[in-house]
Protein chains: 4
Amino acid sequence: VDRSDLGRINAFTDGVMAVAITLLVLNIEVPTVDTGAELHDELVDLIPSLGSYALSFALIGRFWVVHHNAFAHLRAFDGTLMALNLTFLALIALMPFATDLSDRYSDEPIAAAIFGVTLGLASLINWYMHVHTMRKGLVKPDFRDDASFFSSGIAFGFTALFLLSAPLAYVNVHIAQVMWLSTFALRYPLRKLGSPTSSE
Amino acid sequence: VDRSDLGRINAFTDGVMAVAITLLVLNIEVPTVDTGAELHDELVDLIPSLGSYALSFALIGRFWVVHHNAFAHLRAFDGTLMALNLTFLALIALMPFATDLSDRYSDEPIAAAIFGVTLGLASLINWYMHVHTMRKGLVKPDFRDDASFFSSGIAFGFTALFLLSAPLAYVNVHIAQVMWLSTFALRYPLRKLGSPTSSE
Amino acid sequence: VDRSDLGRINAFTDGVMAVAITLLVLNIEVPTVDTGAELHDELVDLIPSLGSYALSFALIGRFWVVHHNAFAHLRAFDGTLMALNLTFLALIALMPFATDLSDRYSDEPIAAAIFGVTLGLASLINWYMHVHTMRKGLVKPDFRDDASFFSSGIAFGFTALFLLSAPLAYVNVHIAQVMWLSTFALRYPLRKLGSPTSSE
Amino acid sequence: VDRSDLGRINAFTDGVMAVAITLLVLNIEVPTVDTGAELHDELVDLIPSLGSYALSFALIGRFWVVHHNAFAHLRAFDGTLMALNLTFLALIALMPFATDLSDRYSDEPIAAAIFGVTLGLASLINWYMHVHTMRKGLVKPDFRDDASFFSSGIAFGFTALFLLSAPLAYVNVHIAQVMWLSTFALRYPLRKLGSPTSSE
């Protein structure tokens, strides 16, 4: 097990995430209309779809950044990590479906719940990959314990937030949507709290 | 022929497998309905499609892991290996079609047979790539003969099992489905048997 | 932060851009007709779509070349650059939609305006990534200040040109189309002006 | 211009070719039928589509092998090579369209002609990239002149053969199809002729 092996896992992971994030655009369909006025109206109706696209692009993008940071600290991997990583990718690759569903049925709790559960499970696997690599000593020695503890806490918090958004979508779909968006607002205060002396 | 050449073959292989595994999601179609109750029913009907997605994702994922392990032991390649690898990729790239077919016609023996044959041929090429690289001395010297013998045996066993699932699908489609799933259950006992002293 | 980290950002960027540029072909639909004569007529009608394909392929291709050149000069990155790069990729990944829209409604100002704004925003982010990396000292010391000043000027000029094409499309759609094409004609005189002593 | 720059061009090229080759599967559509007997008949009707898939997969695969071999000999690149490479990729990315067209209208000369011209132009650019890199001294010194002369000859021959298949398709579509297939049969005698003393 050497760096070039890790390189190939990263390459496959990057490939799946790059394809999944780019397939999101297929959910924004060009309208079929007859007049310019109709086209204008239909394009205005596409704005929520564009919002869904931007949200899912940002969410997958952040998962990629987190994965990139976590795997940069690895010195080795095992079969369990490989299986966890594939499960993580299977959830990320579901995102174009979950995005299309929650966009087309934006008022239906079940659609929002499926979107929330998909994100929650991806966060959960992501968190567990972190725990597993720490426990099995697969990370490089220079990786600080407190940084690890903090990253793990954020990953666990995101998991809880995304999973909780599923039942809360049945109370009100907008609560779930606000919870997803809130994860971007939380990022900066959390980071400041976690690493007050580091400059990134 | 040096490592960077092997790197580019790996990159192309990773690319094709990453695209094929991510295209599987296009088979799970967002339902078109009018009410929340209908949406709920249609999503419940999608559960088998989600199962097909998970199975094919796991199968392609395992092919990738096996390919990754095999190619990590290579020190060189030849034109025959290049042609075999392209044939292997052509079969993997058919998986989104074979998955969609066997999912939409889950009771039809012919659909299951095509799925089984696609997997069987991919396993066969995979096994033959192994035999070819051993015979032509394309593997690194540190690759143990007994490990090779064992890997080759598993690959041959999987080939037989997948190819046999095709005629048995005509007896009962569920037999074929159980055979595909069994390859995941067999993995751990086989590995223990094969490398009792190695720690992965 | 080392070169291999930059390597993985490049790999993800290349992946998204490679998928987006290849998805452009899905906009060129094979006609459904009954006779050879009809097929001939329908294929002739596809020529403008082929032109749109070529234009967008060239535009994304040039964005890739520019990105490649800019990132080859980096010695480090920060969280802001990561976020900017993801935003840039989200705009590039919209190109198959924007291309399909402006091709199917080639007479509608709004379609051309959306195409122009998408390109303009991608150019703007591209320009700002340049400014940000210079300001934060993320570029290698051997990168000349005057080269930087010049690249930055071109990037800003392209941004202005693409963004201006949006309102001008409401005067006449063809003005916008000529402006997009003109960016390819401008490239050579600008380069000569900018680096009279460099041989590429 | 160093090796890592070449690495990124290769990565983008591999990405586009991997996506284009995998998108070919989208042309094989799962039939929509009611009974097992109908499914059987429809699947038999898909066999020519599977043949088209195999042919285009093999053709793109061979273009990839040739590109891989040619770029392995490069020591540098210039802006012209970058533009040629993007044009080459634009033609490869058209292959899913050209394959679908020539498969669905397998009796129509115009469909075969478009397939032949796409391949011919890709071969032509491929040949010209070879000429350009030799002329500008972009290849490594260890690359033999006679090997170059021979590769260039094959590339030119393939270009002529693919371009000639277009007018000959109007005489008889099967002549064009046989010409495309013949390029695989010609490979081995040509290679023997060209490098009698090399062992691959």
# chains A, B, ... in the order shown; residues from 1 in each chain; ligands from 1
$ interface_residues --of "chain A" --to "chain B" --cutoff "6 Å" --atoms "only C-alpha atoms" --output "list in words"
Phe12, Gly15, Val16, Ala93 and Leu101 of chain A
$ residues_around --residues "Leu119 of chain A" --least-positions-apart "4" --cutoff "7 Å" --atoms "only C-alpha atoms" --output "MDAnalysis selection string"
chainID A and resid 115 123 162
$ residues_around --residues "Glu108 of chain B" --least-positions-apart "4" --cutoff "8 Å" --atoms "only C-alpha atoms" --output "list of chain:residue names"
B:Ser102, B:Ala112, B:Val173, D:Gly36
$ residues_around --residues "Tyr128 of chain D" --least-positions-apart "3" --cutoff "12 Å" --atoms "only C-alpha atoms" --output "VMD selection string"
chain D and resid 70 80 to 81 83 to 85 87 to 88 121 to 125 131 to 136 151 to 153 155 to 156 159
$ residues_around --residues "Ala176 of chain C" --least-positions-apart "6" --cutoff "8 Å" --atoms "only C-alpha atoms" --output "list of chain:residue names"
C:Ala112, C:Gly116, C:Ser165, C:Ala166, C:Leu168, C:Ala169
$ write_last_selection --atoms "all heavy atoms" --output "tab-separated table (two decimals), in the first residue's frame"
chain	number	residue	atom	x	y	z
C	112	ALA	N	-30.03	34.14	-25.94
C	112	ALA	CA	-28.67	34.61	-26.17
C	112	ALA	C	-28.13	35.33	-24.93
C	112	ALA	O	-26.95	35.21	-24.59
C	112	ALA	CB	-28.63	35.55	-27.37
C	116	GLY	N	-24.78	34.49	-22.90
C	116	GLY	CA	-23.74	35.51	-22.67
C	116	GLY	C	-23.44	35.72	-21.19
C	116	GLY	O	-22.27	35.87	-20.81
C	165	SER	N	-22.65	41.36	-24.18
C	165	SER	CA	-23.41	40.70	-25.25
C	165	SER	C	-24.85	40.43	-24.82
C	165	SER	O	-25.73	40.32	-25.67
C	165	SER	CB	-22.73	39.38	-25.66
C	165	SER	OG	-22.96	38.37	-24.70
C	166	ALA	N	-25.10	40.36	-23.50
C	166	ALA	CA	-26.46	40.07	-23.02
C	166	ALA	C	-27.43	41.22	-23.36
C	166	ALA	O	-28.43	40.98	-24.04
C	166	ALA	CB	-26.45	39.77	-21.53
C	168	LEU	N	-26.98	43.62	-25.52
C	168	LEU	CA	-26.93	43.86	-26.97
C	168	LEU	C	-27.73	42.81	-27.75
C	168	LEU	O	-28.15	43.05	-28.87
C	168	LEU	CB	-25.48	43.93	-27.45
C	168	LEU	CG	-24.75	45.22	-27.02
C	168	LEU	CD1	-23.27	45.14	-27.37
C	168	LEU	CD2	-25.39	46.44	-27.67
C	169	ALA	N	-27.93	41.61	-27.13
C	169	ALA	CA	-28.76	40.59	-27.78
C	169	ALA	C	-30.18	41.09	-27.97
C	169	ALA	O	-30.88	40.67	-28.89
C	169	ALA	CB	-28.75	39.30	-26.96
$ select_by_dssp --residues "segment 35-84 of chain D" --states "helix (DSSP H, G or I)" --output "ChimeraX atom specification"
/D:36-45,47-72,79-84
$ residues_around --residues "Leu55 of chain B" --least-positions-apart "4" --cutoff "8 Å" --atoms "only C-alpha atoms" --output "mmCIF file with N, CA and C atoms, in the first residue's frame"
data_model
loop_
_atom_site.group_PDB
_atom_site.id
_atom_site.type_symbol
_atom_site.label_atom_id
_atom_site.label_comp_id
_atom_site.auth_asym_id
_atom_site.auth_seq_id
_atom_site.Cartn_x
_atom_site.Cartn_y
_atom_site.Cartn_z
ATOM 1 N N GLY B 51 -32.604 -1.102 -5.484
ATOM 2 C CA GLY B 51 -31.857 -2.332 -5.215
ATOM 3 C C GLY B 51 -30.964 -2.709 -6.387
ATOM 4 N N LEU B 59 -21.214 -4.240 -7.822
ATOM 5 C CA LEU B 59 -20.516 -5.136 -8.753
ATOM 6 C C LEU B 59 -19.437 -4.376 -9.527
ATOM 7 N N LEU B 181 -25.920 -12.094 -5.858
ATOM 8 C CA LEU B 181 -25.720 -11.590 -4.493
ATOM 9 C C LEU B 181 -24.723 -12.449 -3.723
#
